Amino acid sequence: MATLSLPHFQFRPLGHRRSRWLGTVGGMAIALTTAIAAPAPAAQNPVIQVGIVQRFGENLQDRITLEALPGEQLTLSFDTQGQPQTVTTSRVVIGLAPEQLPEATLGERVVLSNHRSFETAEFSAQQWRDRGIEPEIAQPGSWEVWANRETYNSPLVRRLLVKNLQAQGFTEVFLDSEVVGQIPRTYFEANGYRYGRDTLDIRASGGRVRVTQPDEPPVTRVYGGTLRVQPNTYGTYTLVNSVPIETYLRGVVPHEIGASAPVPAIQAQAVLARTYALRNLRRFAIDDYELCADTQCQVYRGLTGTAPVADQAIQATQGQVLTYQNELVDALYSSTTGGITAAFSDVWDGPDRPYLRPVVDTVNGLWDINQYPLSSEEAIRAFMAIDKGFNEDTWELFRWRNESPLAEITQDLRTYLGRRQHPMAGLTQVRSVRVSERADSGRVQAIDIETDLGVVQLKKDEIVRVLTAPRSLLFYVEPMYQAPAAGSTSPGTPASGQITGYRFVGGGWGHGVGLSQTGSYRLGKLGWSYGRILQFYFPGTTLQPIGENLTFWREPT
């Protein structure tokens, strides 16, 4: 079992692995195997690396503008012919220019699997490793597991691998290839000069930089810490913010929980955001940074939009993390659970966590999940019919009903299968939709979609990735029928028997694992402390300060 502890790293023998130098975190120099994890920092306020613009270069017209605050200066550091150089300025513009290659090159990788979430991608990577194929986890758009590019480093070897795996029944393994004739190159303009460099470090004299990002419309935010422009795996660039975690939390907590939440709920969010970040530093090892700034990690907006009440909650919980048996927990949270939280394996592939199990989100004892699990259609319909007495029952998405015509379901499925180069991507008609498996928490585990080419089964969080209608996995489906001709039959009877679509009746928004943010509002208003709120959603866990006795992440078994 691979573990990551403080201050030493403990590894199981993993055979031949590629190791990389990852620089310093919290002042500690580290080099480690990329298949294991990111490092566990020793300091209570460690510096972490967050990709705030992840794939700069996909549009050659994009620009990033960085400015010092009034009365301050930026120091730009870069290499010129192997020699370090610095430039001082108040403003720098980072742009892109196409570079024509002397001759076209073949860019390709073997895509072993494709996923909505990092959690399932990580479990899939471990399964490929157990089969003897060294993987890499990437995020060119969605999460993908690739065959290691150094191991499978020639066109012939890659094609043999794909052929052999497809012959073994892994039909969704494919070769993603393109001929590359030009690549984007970054340059930066400062003080009237243009410099062509792939890597640039930016530091402000006051420790804060104003960044205008290439969004539509452009977004300007202020970030603490330092910034770095660096190449990534996809032929583009990433703007990385190196920031102490307590400063990072100022840009996360108010945007994830909202400044209007009760103080105990904000404090609980601060602990979870801190724990989540430190446990997930391995996510972008392939690109030499650690976390992203969107909902695939945690929403992070720098020092723009900070809130005094959130700052106070961060200070009140400074350095505290949530643990289980001296290991950081999977500190998962979502907007609304629909009245019951989910186990880890109800949503993602991989082993369950003992502290992530179905919790009925009420203080009123409305439902005994142990005696009456929600794995049957009858039980889930009875549970969904209860719309009062839950912690979330005043929120709009606590219960919802969304309709999806067959044409929409067909298009959703065709688009999804086409991206995966699936053999059934050419389907033209969806005929029926049926829930075929459901967990004790009520979450749909598998849904069978009958098409003109056969049955496609979607599992777990792939369902909400593919289908437009469901907001979560907590739902049941009802067929919608063509309206009967006037006077031909009694009202409500499907006279023609022809299904025109499906109604998805459900509850909650998001994965539903761990803490319900809207539920924590209710508990905070009831006067619960943040420790009690965390115990409610993460039973059996312990609040601890960051310390050398903690394991930050352990490879699941």
# chains A, B, ... in the order shown; residues from 1 in each chain; ligands from 1

$ residues_around --residues "Arg109 (chain A)" --least-positions-apart "4" --cutoff "9 Å" --atoms "only C-alpha atoms" --output "JSON, numbers by chain"
{"A": [146, 147, 148, 149, 152, 158, 174, 175, 176, 177]}

$ select_by_dssp --residues "region 83-266 of chain A" --states "alpha helix (DSSP H)" --output "ChimeraX atom specification"
/A:118-130,155-167,245-250,253-256,263-266

$ write_last_selection --atoms "N, CA and C atoms" --output "short mmCIF file (atom, residue, chain, number, x, y, z; two decimals), in the first residue's frame"
data_model
loop_
_atom_site.label_atom_id
_atom_site.label_comp_id
_atom_site.auth_asym_id
_atom_site.auth_seq_id
_atom_site.Cartn_x
_atom_site.Cartn_y
_atom_site.Cartn_z
N PHE A 118 -12.25 12.65 -11.48
CA PHE A 118 -10.92 12.16 -11.13
C PHE A 118 -11.01 10.89 -10.30
N GLU A 119 -12.00 10.82 -9.41
CA GLU A 119 -12.09 9.68 -8.49
C GLU A 119 -12.18 8.36 -9.25
N THR A 120 -13.07 8.29 -10.25
CA THR A 120 -13.19 7.06 -11.02
C THR A 120 -11.98 6.86 -11.93
N ALA A 121 -11.43 7.94 -12.47
CA ALA A 121 -10.23 7.82 -13.30
C ALA A 121 -9.07 7.23 -12.50
N GLU A 122 -8.93 7.65 -11.25
CA GLU A 122 -7.84 7.13 -10.42
C GLU A 122 -8.01 5.64 -10.16
N PHE A 123 -9.25 5.22 -9.90
CA PHE A 123 -9.49 3.80 -9.69
C PHE A 123 -9.24 3.01 -10.98
N SER A 124 -9.65 3.56 -12.11
CA SER A 124 -9.40 2.90 -13.39
C SER A 124 -7.90 2.78 -13.64
N ALA A 125 -7.14 3.82 -13.31
CA ALA A 125 -5.68 3.76 -13.50
C ALA A 125 -5.07 2.63 -12.68
N GLN A 126 -5.55 2.45 -11.46
CA GLN A 126 -5.04 1.37 -10.63
C GLN A 126 -5.37 0.00 -11.23
N GLN A 127 -6.56 -0.14 -11.81
CA GLN A 127 -6.93 -1.40 -12.46
C GLN A 127 -6.02 -1.69 -13.65
N TRP A 128 -5.71 -0.67 -14.44
CA TRP A 128 -4.78 -0.88 -15.56
C TRP A 128 -3.39 -1.24 -15.06
N ARG A 129 -2.98 -0.62 -13.98
CA ARG A 129 -1.68 -0.95 -13.40
C ARG A 129 -1.65 -2.40 -12.95
N ASP A 130 -2.74 -2.86 -12.34
CA ASP A 130 -2.82 -4.25 -11.90
C ASP A 130 -2.79 -5.23 -13.07
N PRO A 155 4.88 4.60 -32.52
CA PRO A 155 3.59 4.31 -33.16
C PRO A 155 3.29 2.81 -33.23
N LEU A 156 4.28 2.00 -33.52
CA LEU A 156 4.05 0.56 -33.63
C LEU A 156 3.63 -0.04 -32.29
N VAL A 157 4.34 0.32 -31.22
CA VAL A 157 4.02 -0.22 -29.90
C VAL A 157 2.62 0.21 -29.47
N ARG A 158 2.27 1.46 -29.74
CA ARG A 158 0.94 1.95 -29.35
C ARG A 158 -0.16 1.22 -30.12
N ARG A 159 0.05 0.99 -31.39
CA ARG A 159 -0.98 0.30 -32.18
C ARG A 159 -1.12 -1.16 -31.79
N LEU A 160 -0.03 -1.79 -31.46
CA LEU A 160 -0.10 -3.17 -30.98
C LEU A 160 -0.85 -3.25 -29.66
N LEU A 161 -0.62 -2.27 -28.79
CA LEU A 161 -1.32 -2.25 -27.50
C LEU A 161 -2.82 -2.11 -27.71
N VAL A 162 -3.24 -1.17 -28.55
CA VAL A 162 -4.66 -0.98 -28.81
C VAL A 162 -5.26 -2.24 -29.41
N LYS A 163 -4.60 -2.84 -30.37
CA LYS A 163 -5.11 -4.05 -31.02
C LYS A 163 -5.27 -5.18 -30.02
N ASN A 164 -4.28 -5.37 -29.18
CA ASN A 164 -4.33 -6.47 -28.20
C ASN A 164 -5.44 -6.24 -27.17
N LEU A 165 -5.59 -4.99 -26.69
CA LEU A 165 -6.61 -4.72 -25.69
C LEU A 165 -8.01 -4.84 -26.28
N GLN A 166 -8.20 -4.37 -27.49
CA GLN A 166 -9.52 -4.51 -28.11
C GLN A 166 -9.86 -5.97 -28.35
N ALA A 167 -8.85 -6.78 -28.69
CA ALA A 167 -9.08 -8.21 -28.87
C ALA A 167 -9.46 -8.90 -27.56
N ILE A 245 -1.82 27.83 1.76
CA ILE A 245 -3.16 27.26 1.76
C ILE A 245 -4.18 28.13 2.51
N GLU A 246 -3.75 28.81 3.59
CA GLU A 246 -4.71 29.64 4.32
C GLU A 246 -5.15 30.84 3.46
N THR A 247 -4.26 31.34 2.61
CA THR A 247 -4.64 32.39 1.67
C THR A 247 -5.53 31.81 0.57
N TYR A 248 -5.19 30.63 0.09
CA TYR A 248 -6.02 29.92 -0.90
C TYR A 248 -7.46 29.77 -0.41
N LEU A 249 -7.64 29.43 0.85
CA LEU A 249 -8.98 29.22 1.39
C LEU A 249 -9.83 30.50 1.33
N ARG A 250 -9.19 31.65 1.40
CA ARG A 250 -9.94 32.91 1.30
C ARG A 250 -10.62 33.04 -0.06
N VAL A 253 -13.65 29.45 0.21
CA VAL A 253 -14.76 29.28 1.17
C VAL A 253 -15.98 30.15 0.84
N PRO A 254 -15.82 31.47 0.60
CA PRO A 254 -17.03 32.26 0.35
C PRO A 254 -17.73 31.90 -0.95
N HIS A 255 -17.00 31.33 -1.90
CA HIS A 255 -17.59 30.98 -3.19
C HIS A 255 -18.21 29.58 -3.16
N GLU A 256 -17.78 28.76 -2.25
CA GLU A 256 -18.34 27.41 -2.16
C GLU A 256 -19.56 27.35 -1.23
N VAL A 263 -22.46 30.87 10.68
CA VAL A 263 -21.02 30.78 10.95
C VAL A 263 -20.54 29.34 11.12
N PRO A 264 -21.24 28.46 11.86
CA PRO A 264 -20.74 27.08 11.99
C PRO A 264 -20.66 26.35 10.64
N ALA A 265 -21.58 26.65 9.73
CA ALA A 265 -21.53 26.02 8.41
C ALA A 265 -20.32 26.51 7.63
N ILE A 266 -20.00 27.80 7.75
CA ILE A 266 -18.82 28.34 7.07
C ILE A 266 -17.55 27.74 7.67
#

$ closest_atom_pairs --of "region 259-297 of chain A" --to "region 532-555 of chain A" --cutoff "7 Å" --atoms "only C-alpha atoms" --output "Markdown table"
| residue | atom | partner | partner_atom | distance |
| --- | --- | --- | --- | --- |
| A:Ala268 | CA | A:Leu534 | CA | 6.4 |
| A:Leu278 | CA | A:Phe552 | CA | 6.7 |
| A:Arg279 | CA | A:Phe552 | CA | 5.3 |

$ write_last_selection --atoms "C-alpha atoms" --output "short mmCIF file (atom, residue, chain, number, x, y, z; two decimals), in the first residue's frame"
data_model
loop_
_atom_site.label_atom_id
_atom_site.label_comp_id
_atom_site.auth_asym_id
_atom_site.auth_seq_id
_atom_site.Cartn_x
_atom_site.Cartn_y
_atom_site.Cartn_z
CA ALA A 268 -17.22 23.37 8.59
CA LEU A 278 -4.17 18.76 0.99
CA ARG A 279 -5.49 15.28 0.19
#

$ residues_around --residues "region 387-399 of chain A" --least-positions-apart "2" --cutoff "9 Å" --atoms "only C-alpha atoms" --output "list in words"
Thr336, Thr337, Gly338, Gly339, Val360, Asp361, Thr362, Val363, Asn364, Gly365, Leu366, Phe383, Met384, Ala385, Arg401, Arg471, Val505, Gly506, Gly507, Gly508, Trp509, Ser516, Thr518, Gly519, Ser520, Tyr521, Arg522 and Leu523 of chain A

$ atom_distance --atom1 "CA of Gly418 (chain A)" --atom2 "CA of Val180 (chain A)"
22.4 Å

$ closest_residue --among "A:Val179, A:Gly141, A:Asp448, A:Gly51" --to "Leu106 (chain A)" --atoms "only C-alpha atoms"
A:Val179

$ atom_distance --atom1 "CA of Asn402 (chain A)" --atom2 "CA of Asp440 (chain A)"
23.1 Å

$ residues_around --residues "Ala97 (chain A)" --least-positions-apart "6" --cutoff "12 Å" --atoms "only C-alpha atoms" --output "list of chain:residue names"
A:Phe56, A:Gly57, A:Glu58, A:Asn59, A:Leu60, A:Gln61, A:Asp62, A:Arg63, A:Gln182, A:Ile183, A:Pro184, A:Arg185, A:Thr186, A:Tyr187, A:Phe188, A:Arg194, A:Tyr195, A:Gly196, A:Arg197, A:Asp198, A:Thr236

$ decode --residues "region 91-119 of chain A" --atoms "N, CA and C atoms" --output "PDB file, in the first residue's frame"
ATOM      1  N   ARG A  91       3.348  46.123 -15.400  1.00  0.00           N
ATOM      2  CA  ARG A  91       2.333  45.442 -16.201  1.00  0.00           C
ATOM      3  C   ARG A  91       3.010  44.548 -17.226  1.00  0.00           C
ATOM      4  N   VAL A  92       2.474  43.362 -17.408  1.00  0.00           N
ATOM      5  CA  VAL A  92       2.993  42.443 -18.414  1.00  0.00           C
ATOM      6  C   VAL A  92       1.815  41.774 -19.112  1.00  0.00           C
ATOM      7  N   VAL A  93       1.921  41.636 -20.420  1.00  0.00           N
ATOM      8  CA  VAL A  93       0.898  40.952 -21.221  1.00  0.00           C
ATOM      9  C   VAL A  93       1.511  39.679 -21.775  1.00  0.00           C
ATOM     10  N   ILE A  94       0.836  38.574 -21.537  1.00  0.00           N
ATOM     11  CA  ILE A  94       1.296  37.279 -22.038  1.00  0.00           C
ATOM     12  C   ILE A  94       0.432  36.908 -23.228  1.00  0.00           C
ATOM     13  N   GLY A  95       1.074  36.664 -24.341  1.00  0.00           N
ATOM     14  CA  GLY A  95       0.348  36.338 -25.561  1.00  0.00           C
ATOM     15  C   GLY A  95       0.855  35.059 -26.205  1.00  0.00           C
ATOM     16  N   LEU A  96       0.332  34.792 -27.381  1.00  0.00           N
ATOM     17  CA  LEU A  96       0.632  33.555 -28.087  1.00  0.00           C
ATOM     18  C   LEU A  96       0.934  33.850 -29.550  1.00  0.00           C
ATOM     19  N   ALA A  97       1.855  33.108 -30.084  1.00  0.00           N
ATOM     20  CA  ALA A  97       2.161  33.208 -31.509  1.00  0.00           C
ATOM     21  C   ALA A  97       2.328  31.793 -32.060  1.00  0.00           C
ATOM     22  N   PRO A  98       1.819  31.531 -33.258  1.00  0.00           N
ATOM     23  CA  PRO A  98       1.988  30.189 -33.824  1.00  0.00           C
ATOM     24  C   PRO A  98       3.423  29.978 -34.293  1.00  0.00           C
ATOM     25  N   GLU A  99       3.941  28.796 -34.045  1.00  0.00           N
ATOM     26  CA  GLU A  99       5.273  28.432 -34.536  1.00  0.00           C
ATOM     27  C   GLU A  99       5.137  27.251 -35.482  1.00  0.00           C
ATOM     28  N   GLN A 100       5.533  27.459 -36.724  1.00  0.00           N
ATOM     29  CA  GLN A 100       5.464  26.393 -37.720  1.00  0.00           C
ATOM     30  C   GLN A 100       6.621  25.433 -37.477  1.00  0.00           C
ATOM     31  N   LEU A 101       6.319  24.155 -37.348  1.00  0.00           N
ATOM     32  CA  LEU A 101       7.364  23.158 -37.133  1.00  0.00           C
ATOM     33  C   LEU A 101       8.099  22.880 -38.442  1.00  0.00           C
ATOM     34  N   PRO A 102       9.402  22.554 -38.377  1.00  0.00           N
ATOM     35  CA  PRO A 102      10.154  22.240 -39.600  1.00  0.00           C
ATOM     36  C   PRO A 102       9.503  21.132 -40.417  1.00  0.00           C
ATOM     37  N   GLU A 103       8.930  20.171 -39.725  1.00  0.00           N
ATOM     38  CA  GLU A 103       8.153  19.125 -40.386  1.00  0.00           C
ATOM     39  C   GLU A 103       7.053  18.667 -39.441  1.00  0.00           C
ATOM     40  N   ALA A 104       5.939  18.238 -40.004  1.00  0.00           N
ATOM     41  CA  ALA A 104       4.799  17.813 -39.196  1.00  0.00           C
ATOM     42  C   ALA A 104       5.179  16.617 -38.329  1.00  0.00           C
ATOM     43  N   THR A 105       4.650  16.585 -37.114  1.00  0.00           N
ATOM     44  CA  THR A 105       4.906  15.467 -36.210  1.00  0.00           C
ATOM     45  C   THR A 105       3.589  14.790 -35.854  1.00  0.00           C
ATOM     46  N   LEU A 106       3.682  13.547 -35.440  1.00  0.00           N
ATOM     47  CA  LEU A 106       2.514  12.786 -35.044  1.00  0.00           C
ATOM     48  C   LEU A 106       2.354  12.868 -33.535  1.00  0.00           C
ATOM     49  N   GLY A 107       1.264  13.486 -33.094  1.00  0.00           N
ATOM     50  CA  GLY A 107       0.971  13.526 -31.674  1.00  0.00           C
ATOM     51  C   GLY A 107      -0.122  12.533 -31.351  1.00  0.00           C
ATOM     52  N   GLU A 108       0.155  11.596 -30.478  1.00  0.00           N
ATOM     53  CA  GLU A 108      -0.873  10.596 -30.178  1.00  0.00           C
ATOM     54  C   GLU A 108      -0.650   9.987 -28.800  1.00  0.00           C
ATOM     55  N   ARG A 109      -1.743   9.433 -28.275  1.00  0.00           N
ATOM     56  CA  ARG A 109      -1.697   8.709 -27.011  1.00  0.00           C
ATOM     57  C   ARG A 109      -2.777   7.640 -27.035  1.00  0.00           C
ATOM     58  N   VAL A 110      -2.537   6.584 -26.283  1.00  0.00           N
ATOM     59  CA  VAL A 110      -3.522   5.510 -26.137  1.00  0.00           C
ATOM     60  C   VAL A 110      -4.435   5.885 -24.979  1.00  0.00           C
ATOM     61  N   VAL A 111      -5.715   6.101 -25.274  1.00  0.00           N
ATOM     62  CA  VAL A 111      -6.693   6.421 -24.247  1.00  0.00           C
ATOM     63  C   VAL A 111      -7.296   5.119 -23.754  1.00  0.00           C
ATOM     64  N   LEU A 112      -6.972   4.753 -22.515  1.00  0.00           N
ATOM     65  CA  LEU A 112      -7.459   3.499 -21.939  1.00  0.00           C
ATOM     66  C   LEU A 112      -8.880   3.630 -21.424  1.00  0.00           C
ATOM     67  N   SER A 113      -9.224   4.804 -20.876  1.00  0.00           N
ATOM     68  CA  SER A 113     -10.585   5.025 -20.381  1.00  0.00           C
ATOM     69  C   SER A 113     -10.833   6.512 -20.253  1.00  0.00           C
ATOM     70  N   ASN A 114     -12.119   6.872 -20.209  1.00  0.00           N
ATOM     71  CA  ASN A 114     -12.545   8.264 -20.191  1.00  0.00           C
ATOM     72  C   ASN A 114     -13.605   8.416 -19.111  1.00  0.00           C
ATOM     73  N   HIS A 115     -13.505   9.484 -18.286  1.00  0.00           N
ATOM     74  CA  HIS A 115     -14.349   9.565 -17.095  1.00  0.00           C
ATOM     75  C   HIS A 115     -14.814  10.986 -16.837  1.00  0.00           C
ATOM     76  N   ARG A 116     -15.922  11.084 -16.107  1.00  0.00           N
ATOM     77  CA  ARG A 116     -16.431  12.388 -15.684  1.00  0.00           C
ATOM     78  C   ARG A 116     -15.625  12.952 -14.525  1.00  0.00           C
ATOM     79  N   SER A 117     -15.068  12.071 -13.688  1.00  0.00           N
ATOM     80  CA  SER A 117     -14.458  12.517 -12.438  1.00  0.00           C
ATOM     81  C   SER A 117     -13.061  11.926 -12.251  1.00  0.00           C
ATOM     82  N   PHE A 118     -12.255  12.650 -11.476  1.00  0.00           N
ATOM     83  CA  PHE A 118     -10.923  12.164 -11.131  1.00  0.00           C
ATOM     84  C   PHE A 118     -11.006  10.887 -10.301  1.00  0.00           C
ATOM     85  N   GLU A 119     -12.002  10.819  -9.410  1.00  0.00           N
ATOM     86  CA  GLU A 119     -12.094   9.677  -8.494  1.00  0.00           C
ATOM     87  C   GLU A 119     -12.182   8.361  -9.248  1.00  0.00           C
TER      88      GLU A 119
END
